[in-house]
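Structure file entry-v1.txt (compact mmCIF, C-alpha atoms) follows.
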# COMPACT_ATOMS: atom_id res chain seq x y z
CA MET K 296 -25.33 15.53 12.13
CA THR K 297 -22.79 14.44 14.73
CA LEU K 298 -23.19 10.78 13.76
CA THR K 299 -22.75 11.59 10.08
CA LEU K 300 -19.62 13.64 10.75
CA THR K 301 -18.20 10.88 12.94
CA SER K 302 -18.83 8.21 10.31
CA ILE K 303 -17.19 10.34 7.60
CA MET K 304 -14.14 10.94 9.78
CA LYS K 305 -13.87 7.25 10.65
CA GLU K 306 -14.10 6.33 6.96
CA GLU K 307 -11.38 8.83 6.10
CA VAL K 308 -9.10 7.51 8.86
CA PHE K 309 -9.77 3.93 7.77
CA MET K 310 -8.96 4.82 4.16
CA MET K 311 -5.62 6.38 5.11
CA TRP K 312 -4.78 3.38 7.31
CA GLN K 313 -5.56 1.08 4.40
CA LEU K 314 -3.36 3.07 2.01
CA TRP K 315 -0.41 3.07 4.42
CA LEU K 316 -0.74 -0.68 4.91
CA THR K 317 -0.89 -1.25 1.16
CA GLY K 318 2.24 0.87 0.70
CA LEU K 319 4.05 -1.13 3.36
CA ILE K 320 3.04 -4.37 1.65
CA GLY K 321 4.49 -3.02 -1.61
CA ILE K 322 7.76 -2.18 0.12
CA TRP K 323 7.80 -5.60 1.77
CA LEU K 324 7.35 -7.30 -1.60
CA ILE K 325 10.30 -5.34 -2.97
CA ILE K 326 12.70 -6.22 -0.15
CA SER K 327 11.46 -9.75 0.64
CA PRO K 328 13.80 -11.61 -1.76
CA TRP K 329 16.79 -10.32 0.20
CA VAL K 330 15.17 -10.80 3.59
CA PHE K 331 14.21 -14.41 2.89
CA GLY K 332 17.29 -15.14 0.80
CA PHE K 333 15.74 -16.38 -2.43
CA THR K 334 17.83 -14.10 -4.64
CA SER K 335 19.28 -17.12 -6.47
CA ASN K 336 15.88 -17.65 -8.14
CA ALA K 337 15.79 -14.78 -10.64
CA GLY K 338 12.17 -15.35 -11.66
CA ALA K 339 10.92 -15.15 -8.09
CA VAL K 340 13.00 -12.04 -7.40
CA TRP K 341 11.70 -10.20 -10.46
CA ASN K 342 8.14 -11.27 -9.72
CA SER K 343 8.37 -9.96 -6.18
CA VAL K 344 10.06 -6.70 -7.13
CA ILE K 345 7.76 -5.92 -10.07
CA PHE K 346 4.57 -6.64 -8.13
CA GLY K 347 5.92 -4.69 -5.16
CA ILE K 348 6.51 -1.67 -7.39
CA ILE K 349 3.01 -1.99 -8.86
CA VAL K 350 1.39 -2.22 -5.42
CA LEU K 351 3.42 0.73 -4.14
CA ILE K 352 2.57 2.90 -7.17
CA LEU K 353 -1.13 2.09 -6.85
CA ALA K 354 -1.10 2.89 -3.12
CA VAL K 355 0.56 6.26 -3.74
CA TRP K 356 -1.82 6.98 -6.62
CA ALA K 357 -4.86 6.12 -4.51
CA GLY K 358 -3.57 8.29 -1.68
CA ALA K 359 -2.99 11.23 -3.99
CA SER K 360 -6.42 10.92 -5.58
CA SER K 361 -8.14 10.68 -2.18
CA LYS K 362 -6.39 13.88 -1.05
CA ASN K 363 -7.51 15.66 -4.21
CA ASN K 364 -11.12 14.61 -3.62
CA SER K 365 -11.13 15.94 -0.05
Write the structure described by the file as structure tokens, please.
Amino acid sequence: MTLTLTSIMKEEVFMMWQLWLTGLIGIWLIISPWVFGFTSNAGAVWNSVIFGIIVLILAVWAGASSKNNS
């Protein structure tokens, strides 16, 4: 029983760590055009911002659904 409880807790901690990292990647994609200075290329900026928003939304959605399942 102790091993099962430990493995469940580790999986839950790993899942939250994964969701936080995914959220940070989404934020990084949103701000990266200004950090790296490629704002003169409109296509690259929009690509980065749109995919960053999508990644961030999916990370928040996954986090909310995992909390509801707990």
Next on the checklist: What's the separation between CA of Phe333 (chain K) and CA of Leu316 (chain K), in Å to one decimal place?
Outcome noted: 23.9 Å
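Here CA of Ile326 (chain K) and CA of Val340 (chain K) stand 9.3 Å from one another.
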Item to check | Distance query Ser327 (chain K) at most 10 Å, all atoms listed in the file, self and fewer than 5 positions along chain excluded, as JSON, numbers by chain | outcome: {"K": [321, 322, 332, 333, 334, 340, 343, 344, 347]}
Checklist outcome for this item: Students should find that CA of Ala339 (chain K) and CA of Ile325 (chain K) are spaced 11.1 Å
Next on the checklist: Under the rule that all atoms listed in the file are counted, which of K:Ser360, K:Met310, K:Pro328, K:Trp315 is the nearest residue to Asn342 (chain K)?
Outcome noted: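 Closest residue, counting all atoms listed in the file: K:Pro328.
Among the candidate residues K:Asn336, K:Leu319, K:Ser361, K:Val330, the one lying nearest to Ile348 (chain K) is K:Leu319, with distances computed using only C-alpha atoms.
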Next on the checklist: Residues near Gly318 (chain K), anyone? I mean within 9 Å using all atoms listed in the file, not counting same-chain ones fewer than 5 positions away, as an NGL selection string.
Outcome noted: :K and (313 or 323 or 347 or 350-355)
